[in-house]
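This report refers to the structure that appears directly beneath it.
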Amino acid sequence: MELNQIFEYRGWTIKYVLLDPTRDSGVQSNDIETAVFVHGTPWSSVTFGPIAKTLLGRGSHRVLLYDLPGYGESQGYDSSTSVRFQAGALSELLQHLNLDGKDGNRAPAVIAHDIAGTIALRAHLIHGALFSSLLLMDTNTVLPWGDGFYKLVRSEPSVFLQLPHGIYEAMLRAVIRSATFNPDKLRADWEELLAKPWLTDIESTLNRKEQVQKSFVRQIAQANDGDVAEMLDKSLYSQVSCPVKILWGEHDQWIPREKMESLAGMLGDKLKEFVVIPKAGHLIMVDQPERVAIEVFSWLSER
């Protein structure tokens, strides 16, 4: 889906699109709940494209898709991409679009994957954005963060900035493949779509290649444990005010089940469902698109 609208936030140009249902439901668009899809790292809004398109066709929801500052089409500025910053950006974007649940605005249903779970929780618990519901997919909201690769990049970012571009590209593609249970699923253009924001064409200048590589390393290096620790230390997860559903890929090599179960325990009675998706890795929407779509649509229709 084309992100043809922009929102300026602290130097960043955030690309987004807010779409009305493609099937007429007979209800004014302002009275229809909006589903806000928030992607994780190192991804972009394309991860939610197929689900969002199908949801629009059902006629039940408007859809908001956007690329986080520093990701996808929202690149081109050299500044913070931390979770703390992203939560502020999400909160301000929702307020800008009258989707913050305040002053008579209808609260949105939020669907968040990977690090976006922490972003959404900070937007809600720190910035006060209100949600009608929250669906968390394979999300990392419990410390310590990251697998061995991410820990290595965070500890030695300068090394990864110096990688020859061909080796950098091979590393990027290996990271993408490690996020799936069945890498063959990536053959249907998924790998190219996921890699595209972090690569350049063969005619690009050396400076452009270095900029893109720097952007990829930056979004990992700027991950700050303190952005999660603040919520954990204050036991804020127990203060979530909306119903929550968790999805987790049974073969997720990035986020182990015990971390998801730890989060589930901290959510208390706000957690309504914990669903394990078989034959799925971290990118559950790639490994099991039909099953994930069913889980998303059933959750939204029940609220």
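Each chain of the structure tokens is named A, B, ... in the order shown, its residues numbered from 1; ligands are numbered from 1 in display order.
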Query raised in the report: Contacts of A:Gln5 at 12 Å or less, counting only C-alpha atoms, minus same-chain residues fewer than 2 places along, as a ChimeraX atom specification?
Result: /A:1-3,7-8,13-19,64-67,73-74,93,97
Requested in this report: Enumerate as a PyMOL selection string all residues of stretch 11-227 of chain A assigned to helix (DSSP H, G or I) by DSSP on the backbone, naming them with the chain letters and numbers the document uses.
Outcome: chain A and resi 29-31+45-58+83-96+116-125+148-155+157-161+165-178+183-187+190-198+206-221+225-227
Query raised in the report: Near A:Pro289, counting only C-alpha atoms, which residues have an atom at most 12 Å away, once you skip same-chain residues fewer than 4 positions from it, shown as a PyMOL selection string?
Result: chain A and resi 47-52+54+185+249+277-281+283-285+293-296
Could you pull the residues within 9 Å of stretch 215-223 of chain A, counting only C-alpha atoms, minus those fewer than 3 positions along the same chain, as a PDB file with C-alpha atoms, in the first residue's frame?
ATOM      1  CA  THR A  41      12.460  -3.854  13.542  1.00  0.00           C
ATOM      2  CA  PRO A  42      14.042  -4.156  11.039  1.00  0.00           C
ATOM      3  CA  GLY A  70      14.061   5.676  10.483  1.00  0.00           C
ATOM      4  CA  TYR A  71      12.348   2.750   8.733  1.00  0.00           C
ATOM      5  CA  GLN A  75      14.070   7.536   6.442  1.00  0.00           C
ATOM      6  CA  GLY A  76      16.302  10.420   5.355  1.00  0.00           C
ATOM      7  CA  ASP A  78      19.807  11.421  11.136  1.00  0.00           C
ATOM      8  CA  SER A  80      16.856   9.181  17.306  1.00  0.00           C
ATOM      9  CA  THR A  81      14.993   5.995  16.442  1.00  0.00           C
ATOM     10  CA  SER A  82      14.775   4.699  20.029  1.00  0.00           C
ATOM     11  CA  VAL A  83      11.641   3.126  21.464  1.00  0.00           C
ATOM     12  CA  TRP A 145      16.368  -7.507  24.610  1.00  0.00           C
ATOM     13  CA  TYR A 150      21.378  -7.861  18.047  1.00  0.00           C
ATOM     14  CA  LYS A 151      23.480  -7.836  21.187  1.00  0.00           C
ATOM     15  CA  VAL A 153      25.481  -5.021  16.860  1.00  0.00           C
ATOM     16  CA  ARG A 154      24.585  -2.974  19.923  1.00  0.00           C
ATOM     17  CA  SER A 155      27.984  -3.615  21.489  1.00  0.00           C
ATOM     18  CA  GLU A 156      30.087  -3.073  18.342  1.00  0.00           C
ATOM     19  CA  PRO A 157      28.111  -0.869  15.913  1.00  0.00           C
ATOM     20  CA  SER A 158      31.257   0.583  14.316  1.00  0.00           C
ATOM     21  CA  PHE A 160      28.994  -3.326  11.231  1.00  0.00           C
ATOM     22  CA  LEU A 161      29.243   0.140   9.716  1.00  0.00           C
ATOM     23  CA  LEU A 172      20.725  -8.480   6.107  1.00  0.00           C
ATOM     24  CA  PRO A 197      14.447  -0.214   2.615  1.00  0.00           C
ATOM     25  CA  TRP A 198      17.953  -1.238   3.707  1.00  0.00           C
ATOM     26  CA  GLU A 210      26.861   4.057   3.478  1.00  0.00           C
ATOM     27  CA  GLN A 211      23.818   6.090   4.544  1.00  0.00           C
ATOM     28  CA  VAL A 212      21.466   3.138   4.168  1.00  0.00           C
ATOM     29  CA  GLY A 226      15.968   1.778  29.861  1.00  0.00           C
ATOM     30  CA  ASP A 227      12.930   2.347  27.651  1.00  0.00           C
TER      31      ASP A 227
END
